[in-house]
Each structure stands twice: as structure tokens, then as C-alpha cells.
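*Asks:* Have a peek at protein02.cif (mmCIF, C-alpha atoms).
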```
data_protein
#
loop_
_atom_site.group_PDB
_atom_site.id
_atom_site.type_symbol
_atom_site.label_atom_id
_atom_site.label_comp_id
_atom_site.auth_asym_id
_atom_site.auth_seq_id
_atom_site.Cartn_x
_atom_site.Cartn_y
_atom_site.Cartn_z
ATOM 1 C CA MET T 1 14.330 -4.182 3.552
ATOM 2 C CA PHE T 2 11.800 -5.125 6.202
ATOM 3 C CA ASP T 3 12.196 -8.667 7.470
ATOM 4 C CA TYR T 4 9.306 -10.689 8.944
ATOM 5 C CA ARG T 5 11.490 -11.395 11.991
ATOM 6 C CA ASP T 6 11.360 -7.658 12.714
ATOM 7 C CA THR T 7 7.563 -7.945 12.800
ATOM 8 C CA ILE T 8 7.829 -10.679 15.425
ATOM 9 C CA LYS T 9 10.179 -8.529 17.527
ATOM 10 C CA LEU T 10 7.821 -5.555 17.186
ATOM 11 C CA ALA T 11 4.877 -7.653 18.358
ATOM 12 C CA PHE T 12 6.541 -8.017 21.749
ATOM 13 C CA ILE T 13 6.838 -4.248 22.250
ATOM 14 C CA THR T 14 3.586 -3.159 20.603
ATOM 15 C CA MET T 15 -0.040 -4.229 20.512
ATOM 16 C CA VAL T 16 -1.617 -5.575 17.331
ATOM 17 C CA LEU T 17 -5.156 -4.261 16.899
ATOM 18 C CA SER T 18 -7.949 -6.796 16.496
ATOM 19 C CA ASP T 19 -10.956 -6.347 14.229
ATOM 20 C CA THR T 20 -12.866 -5.023 17.249
ATOM 21 C CA ASP T 21 -10.087 -2.480 17.967
ATOM 22 C CA ILE T 22 -9.834 -1.379 14.325
ATOM 23 C CA LYS T 23 -13.614 -0.948 14.016
ATOM 24 C CA SER T 24 -13.732 0.976 17.303
ATOM 25 C CA GLN T 25 -10.848 3.287 16.359
ATOM 26 C CA VAL T 26 -12.338 3.938 12.923
ATOM 27 C CA GLY T 27 -15.699 4.590 14.603
ATOM 28 C CA ASP T 28 -14.294 7.166 17.033
ATOM 29 C CA GLY T 29 -12.091 8.804 14.369
ATOM 30 C CA THR T 30 -8.711 7.747 15.807
ATOM 31 C CA ILE T 31 -7.972 5.907 12.551
ATOM 32 C CA ALA T 32 -9.597 7.044 9.313
ATOM 33 C CA ILE T 33 -10.085 4.672 6.374
ATOM 34 C CA GLU T 34 -12.121 6.343 3.649
ATOM 35 C CA PRO T 35 -14.158 4.619 2.419
ATOM 36 C CA PHE T 36 -14.374 2.007 5.189
ATOM 37 C CA LEU T 37 -16.108 -1.291 4.414
ATOM 38 C CA THR T 38 -16.788 -3.687 7.289
ATOM 39 C CA SER T 39 -16.634 -6.535 4.733
ATOM 40 C CA ASN T 40 -12.885 -5.774 4.315
ATOM 41 C CA LEU T 41 -12.249 -6.146 8.046
ATOM 42 C CA LYS T 42 -10.525 -9.389 9.074
ATOM 43 C CA GLN T 43 -9.733 -10.767 12.553
ATOM 44 C CA GLY T 44 -6.492 -8.802 12.798
ATOM 45 C CA SER T 45 -6.259 -6.730 9.620
ATOM 46 C CA TYR T 46 -8.056 -4.604 7.063
ATOM 47 C CA THR T 47 -8.003 -5.360 3.316
ATOM 48 C CA PHE T 48 -7.384 -2.373 1.037
ATOM 49 C CA THR T 49 -8.524 -2.284 -2.589
ATOM 50 C CA LEU T 50 -6.906 -1.071 -5.805
ATOM 51 C CA SER T 51 -7.885 2.328 -7.221
ATOM 52 C CA ALA T 52 -8.640 2.811 -10.926
ATOM 53 C CA LEU T 53 -5.532 4.904 -11.591
ATOM 54 C CA ILE T 54 -2.123 3.346 -12.222
ATOM 55 C CA PHE T 55 1.167 4.830 -13.368
ATOM 56 C CA LYS T 56 3.395 3.020 -15.851
ATOM 57 C CA PRO T 57 7.060 4.109 -15.932
ATOM 58 C CA LYS T 58 8.178 5.201 -19.380
ATOM 59 C CA PRO T 59 11.240 3.294 -20.611
ATOM 60 C CA GLN T 60 14.560 5.060 -20.214
ATOM 61 C CA GLU T 61 18.059 4.070 -21.201
ATOM 62 C CA ILE T 62 19.457 4.743 -17.712
ATOM 63 C CA ILE T 63 17.936 5.830 -14.408
ATOM 64 C CA ASP T 64 20.559 7.627 -12.327
ATOM 65 C CA LEU T 65 19.837 6.905 -8.649
ATOM 66 C CA SER T 66 21.617 10.097 -7.567
ATOM 67 C CA ASP T 67 18.894 12.105 -9.350
ATOM 68 C CA PRO T 68 16.128 9.795 -10.552
ATOM 69 C CA GLN T 69 13.941 11.465 -13.124
ATOM 70 C CA VAL T 70 11.295 8.968 -14.163
ATOM 71 C CA GLU T 71 8.327 9.899 -16.305
ATOM 72 C CA HIS T 72 5.128 7.932 -15.851
ATOM 73 C CA GLU T 73 2.134 7.420 -18.076
ATOM 74 C CA ALA T 74 -1.089 7.801 -16.074
ATOM 75 C CA ILE T 75 -3.593 5.103 -17.000
ATOM 76 C CA LYS T 76 -7.181 5.059 -15.779
ATOM 77 C CA MET T 77 -8.431 1.481 -15.815
ATOM 78 C CA LYS T 78 -11.606 0.787 -17.731
ATOM 79 C CA GLU T 79 -14.231 -1.689 -16.604
ATOM 80 C CA ASP T 80 -12.273 -4.607 -18.095
ATOM 81 C CA GLY T 81 -9.209 -3.577 -16.056
ATOM 82 C CA TYR T 82 -5.532 -3.524 -16.991
ATOM 83 C CA ILE T 83 -3.515 -6.515 -18.202
ATOM 84 C CA LEU T 84 -0.173 -6.756 -16.379
ATOM 85 C CA ASP T 85 2.294 -8.736 -18.486
ATOM 86 C CA PRO T 86 4.901 -11.086 -16.970
ATOM 87 C CA GLY T 87 7.759 -8.985 -15.574
ATOM 88 C CA GLU T 88 5.808 -5.736 -15.977
ATOM 89 C CA PHE T 89 5.906 -3.087 -13.261
ATOM 90 C CA VAL T 90 3.386 -0.322 -12.516
ATOM 91 C CA VAL T 91 2.642 1.921 -9.562
ATOM 92 C CA GLY T 92 -0.877 1.844 -8.207
ATOM 93 C CA PHE T 93 -2.670 3.193 -5.172
ATOM 94 C CA THR T 94 -5.272 2.000 -2.755
ATOM 95 C CA ALA T 95 -8.779 3.279 -3.344
ATOM 96 C CA GLU T 96 -8.910 4.034 0.375
ATOM 97 C CA LYS T 97 -7.260 6.997 2.049
ATOM 98 C CA LEU T 98 -5.640 6.027 5.365
ATOM 99 C CA THR T 99 -5.092 8.540 8.169
ATOM 100 C CA LEU T 100 -3.128 7.408 11.229
ATOM 101 C CA PRO T 101 -2.532 9.199 14.536
ATOM 102 C CA GLN T 102 0.949 9.536 16.040
ATOM 103 C CA GLY T 103 0.512 6.423 18.207
ATOM 104 C CA ILE T 104 -0.409 3.883 15.530
ATOM 105 C CA TYR T 105 1.362 2.519 12.479
ATOM 106 C CA CYS T 106 0.402 -0.054 9.896
ATOM 107 C CA ILE T 107 2.315 -2.937 8.338
ATOM 108 C CA LEU T 108 1.216 -3.799 4.807
ATOM 109 C CA GLY T 109 1.352 -7.222 3.201
ATOM 110 C CA THR T 110 0.374 -8.498 -0.217
ATOM 111 C CA ARG T 111 -2.684 -10.722 0.197
ATOM 112 C CA GLY T 112 -1.560 -14.335 0.113
ATOM 113 C CA SER T 113 -4.080 -15.244 -2.573
ATOM 114 C CA ARG T 114 -2.494 -12.602 -4.833
ATOM 115 C CA ALA T 115 1.104 -13.495 -3.985
ATOM 116 C CA GLN T 116 0.428 -17.155 -4.838
ATOM 117 C CA LEU T 117 -0.443 -16.007 -8.367
ATOM 118 C CA GLY T 118 2.944 -14.290 -8.697
ATOM 119 C CA LEU T 119 1.644 -10.781 -8.025
ATOM 120 C CA ASP T 120 3.730 -8.589 -5.722
ATOM 121 C CA VAL T 121 2.267 -5.230 -4.753
ATOM 122 C CA LEU T 122 4.881 -4.091 -2.224
ATOM 123 C CA GLN T 123 8.401 -3.755 -3.541
ATOM 124 C CA SER T 124 9.454 -1.525 -0.647
ATOM 125 C CA SER T 125 6.770 0.376 1.225
ATOM 126 C CA THR T 126 5.586 -2.126 3.814
ATOM 127 C CA LEU T 127 5.308 0.379 6.679
ATOM 128 C CA VAL T 128 2.787 3.188 6.943
ATOM 129 C CA GLU T 129 4.228 5.674 9.431
ATOM 130 C CA PRO T 130 2.278 7.323 12.261
ATOM 131 C CA GLY T 131 0.811 10.612 11.076
ATOM 132 C CA SER T 132 0.347 9.392 7.488
ATOM 133 C CA ASP T 133 -2.652 10.831 5.675
ATOM 134 C CA ASN T 134 -2.931 9.563 2.088
ATOM 135 C CA GLN T 135 -3.737 6.768 -0.279
ATOM 136 C CA LEU T 136 -1.123 4.030 -0.120
ATOM 137 C CA ALA T 137 1.348 3.622 -2.970
ATOM 138 C CA LEU T 138 1.612 0.082 -4.329
ATOM 139 C CA GLU T 139 4.617 -1.027 -6.379
ATOM 140 C CA ILE T 140 2.971 -3.746 -8.470
ATOM 141 C CA CYS T 141 4.989 -6.370 -10.327
ATOM 142 C CA ASN T 142 3.931 -9.545 -12.109
ATOM 143 C CA HIS T 143 6.440 -12.284 -11.241
ATOM 144 C CA SER T 144 4.404 -15.056 -12.871
ATOM 145 C CA GLN T 145 4.636 -16.434 -16.391
ATOM 146 C CA SER T 146 1.004 -15.515 -17.062
ATOM 147 C CA ARG T 147 -0.707 -12.213 -17.726
ATOM 148 C CA ILE T 148 -2.692 -10.892 -14.755
ATOM 149 C CA ARG T 149 -5.804 -8.730 -15.058
ATOM 150 C CA LEU T 150 -5.977 -5.939 -12.483
ATOM 151 C CA ARG T 151 -9.304 -4.240 -11.821
ATOM 152 C CA ALA T 152 -10.271 -1.240 -9.759
ATOM 153 C CA GLY T 153 -11.708 -2.546 -6.509
ATOM 154 C CA ASP T 154 -9.542 -5.691 -6.404
ATOM 155 C CA ARG T 155 -8.797 -6.669 -2.810
ATOM 156 C CA ILE T 156 -5.032 -6.464 -3.067
ATOM 157 C CA VAL T 157 -3.181 -5.611 0.163
ATOM 158 C CA LYS T 158 -3.848 -6.056 3.871
ATOM 159 C CA GLY T 159 -2.913 -3.706 6.669
ATOM 160 C CA ILE T 160 -2.073 -4.838 10.202
ATOM 161 C CA PHE T 161 -2.361 -2.007 12.728
ATOM 162 C CA LEU T 162 -0.042 -1.715 15.697
ATOM 163 C CA GLN T 163 -0.304 0.517 18.744
ATOM 164 C CA LEU T 164 3.042 2.057 19.686
ATOM 165 C CA THR T 165 4.054 1.966 23.345
ATOM 166 C CA SER T 166 3.966 5.777 23.233
ATOM 167 C CA ALA T 167 3.006 8.373 20.640
ATOM 168 C CA SER T 168 5.673 9.328 18.140
ATOM 169 C CA GLU T 169 7.333 12.694 18.787
ATOM 170 C CA SER T 170 8.641 13.301 15.291
ATOM 171 C CA THR T 171 6.374 14.063 12.389
ATOM 172 C CA ASN T 172 7.595 13.860 8.849
ATOM 173 C CA MET T 173 4.312 14.275 7.043
ATOM 174 C CA ASP T 174 3.258 17.872 7.817
ATOM 175 C CA GLY T 175 0.577 17.841 5.147
ATOM 176 C CA GLU T 176 2.902 16.486 2.462
ATOM 177 C CA ILE T 177 0.741 14.938 -0.237
ATOM 178 C CA MET T 178 3.271 13.825 -2.812
ATOM 179 C CA THR T 179 5.864 11.127 -2.966
ATOM 180 C CA ARG T 180 9.089 12.127 -4.619
ATOM 181 C CA TYR T 181 7.922 10.774 -7.956
ATOM 182 C CA ILE T 182 4.165 10.266 -8.132
ATOM 183 C CA PRO T 183 1.188 12.059 -6.507
ATOM 184 C CA GLN T 184 0.006 10.294 -3.347
ATOM 185 C CA ASN T 185 -3.471 11.800 -3.181
ATOM 186 C CA ILE T 186 -5.071 10.903 -6.464
#
```
Show me the file's structure as C-alpha cells.
*Replies:*
Amino acid sequence: MFDYRDTIKLAFITMVLSDTDIKSQVGDGTIAIEPFLTSNLKQGSYTFTLSALIFKPKPQEIIDLSDPQVEHEAIKMKEDGYILDPGEFVVGFTAEKLTLPQGIYCILGTRGSRAQLGLDVLQSSTLVEPGSDNQLALEICNHSQSRIRLRAGDRIVKGIFLQLTSASESTNMDGEIMTRYIPQNI
């Protein structure tokens, strides 16, 4: 699990991109965020929005971690959104596709305004590796005691971009467009 103290350590060996840097690197094609909205650009981050498609795991008696076979129901949100019940878990994706070069990675964080409502959108995937080229998977869970309405376009997660001290040599993406369980490019 990624610890915030690791972020502080990383800040000393990397450079966090400002809004000016992010806008410049998107403008020259170094970073691609499609679609890119300047209104989602903050001083040191970019806010990603929720896509209309979510995946709800179908109940199973046991999930064997040595060979997890989980079926999901694909749900396309209507205009009135999707009601996430207390304790409910779904997998969603950002509406934006993010493409990173080998020298930049991105740390994701649930927007504070959402987290304060009991909504967690990042159960595990807080790092977007250099060379990534897909929509971002969001593991969405309602930890509150109230139902939460999700809508396509909700500003849900922020990305902080960091410049590595040198470009990464290893690539693990190689055009891969699927996670192990759910399609990444939707």
C-alpha cells in the first residue's frame, strides 16, 4: 500500500509539475489527457472525471485469490446517475484517457470533497506508471452511512504529475489495453 510519507520522500528526488508545466506538456504532446479541460487544471494537479460506464462485481460465494475469476455487470449510467449504497463497491473509469511518457508518472488521490462524504475511489491504484496509455481504473466504495449518487462527469480524482530524474528504462505497457479483470479502454 502506498503511504503518503513515500510521496514526501519522492518529492525530494523528483519534480512536481505545476499547472503551467502540465498545460505546457499537454500542449506540446508530452502528456496527453483526452479530453483536456483547462477548468480541471489546479495549481499542482489535474482533476479527472467519472465516465458513464461502471462495472459491478457479481456476488460469489468465494473468490480464490490464486485464480480470481470475477464476473462483472456492465452498467451505463443514465442522466440521473447511479446510486451507490453504503458499503457497495463498483469499478469505474475516468472519462479522460491519460498517456504518459517514460519520464513522468502520476499519483492519484481521491478529491478531498468526495472523501469527506465517505466516498473512496482508489482502493489500490494510486500510481500511474510511466508509459501508461489508458483510462484510469477507479475502485469506488461508499464508506458512508448514506447513499451516494454518482454521475458521469463528476469531478472525482486528482492527478499529481511528477518528473522522474531520468526516463524509465523498463516498459510494462507495450500496448496492453486490458487490466487482468476489466477492460481499461472503454
*Asks:* Convert the output of the PyMOL selection byres ((chain T and resi 48) around 10) on the shown file into explicit residues, formatted as a ChimeraX atom specification.
*Replies:* /T:33,35-37,40-41,45-47,49-51,93-98,108,110-111,135-136,153-159
*Asks:* Which residue is closest to Pro86 (chain T)? Choose from T:Gly29, T:Gly103, T:Pro130, T:Gly118 and count all atoms listed in the file.
*Replies:*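 Among T:Gly29, T:Gly103, T:Pro130, T:Gly118, it is T:Gly118 that comes nearest to Pro86 (chain T).
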*Asks:* Apply the PyMOL selection byres ((chain T and resi 70) around 12) to the file shown and report the selected residues as a ChimeraX atom specification.
*Replies:* /T:55-65,67-69,71-73,180-182
*Asks:* Identify all residues satisfying the PyMOL selection byres ((chain T and resi 126) around 7) in the given file; provide them as number ranges by chain.
*Replies:* T: 107-109, 122, 124-125, 127-128
*Asks:* Could the residues in this selection be written to a file with C-alpha atoms, as a PDB file, in the frame of the given file?
*Replies:*
```pdb
ATOM      1  CA  ILE T 107       2.315  -2.937   8.338  1.00  0.00           C
ATOM      2  CA  LEU T 108       1.216  -3.799   4.807  1.00  0.00           C
ATOM      3  CA  GLY T 109       1.352  -7.222   3.201  1.00  0.00           C
ATOM      4  CA  LEU T 122       4.881  -4.091  -2.224  1.00  0.00           C
ATOM      5  CA  SER T 124       9.454  -1.525  -0.647  1.00  0.00           C
ATOM      6  CA  SER T 125       6.770   0.376   1.225  1.00  0.00           C
ATOM      7  CA  LEU T 127       5.308   0.379   6.679  1.00  0.00           C
ATOM      8  CA  VAL T 128       2.787   3.188   6.943  1.00  0.00           C
TER       9      VAL T 128
END
```
*Asks:* Any idea what the distance is between CA of Leu17 (chain T) and CA of Leu117 (chain T)?
*Replies:*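 Distance reported for this atom pair: 28.3 Å.
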*Asks:* To one decimal place, how far is CA of Leu138 (chain T) from CA of Gln25 (chain T) in Å?
*Replies:*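 Atom-to-atom, CA of Leu138 (chain T) to CA of Gln25 (chain T), that is 24.4 Å.
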*Asks:* Taking into account all atoms listed in the file, which residue in the set T:Leu100, T:Leu162, T:Ile140, T:Ile83 is nearest to Asp19 (chain T)?
*Replies:*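 Result for the nearest residue to Asp19 (chain T): T:Leu162.
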*Asks:* CA of Ser18 (chain T) to CA of Asn134 (chain T): how many Å, to one decimal?
*Replies:*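 Separation of CA of Ser18 (chain T) and CA of Asn134 (chain T): 22.4 Å.
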*Asks:* May I have the residues within 12 Å of Gly87 (chain T) as a VMD selection string, using all atoms listed in the file and disregarding those fewer than 6 positions away in the same chain?
*Replies:* chain T and resid 118 to 120 140 to 148
*Asks:* Using only C-alpha atoms, can you tell me which of T:Gly81, T:Gly112, T:Pro101, T:Gly131 comes closest to Arg149 (chain T)?
*Replies:*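 For Arg149 (chain T), the nearest of the candidates is T:Gly81.
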*Asks:* Counting all atoms listed in the file, which residue out of T:Tyr82, T:Lys42, T:Leu53, T:Glu169 sits closest to Lys23 (chain T)?
*Replies:*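 With all atoms listed in the file as the atom set, the closest residue is T:Lys42.
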*Asks:* Report as JSON the centre and the edge lengths, in Å to one decimal, of the axis-aligned box holding every listed atom of region 142-156 of chain T, padded by 8 Å on each side.
*Replies:*
```
{"center_x": -2.6, "center_y": -8.8, "center_z": -10.3, "size_x": 34.1, "size_y": 31.2, "size_z": 30.9}
```
*Asks:* Between T:Val91, T:Ile75, T:Ile104, T:Val121, which residue has the minimum interatomic distance to Asp21 (chain T), considering all atoms listed in the file?
*Replies:*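 Among the listed residues, T:Ile104 lies closest to Asp21 (chain T).
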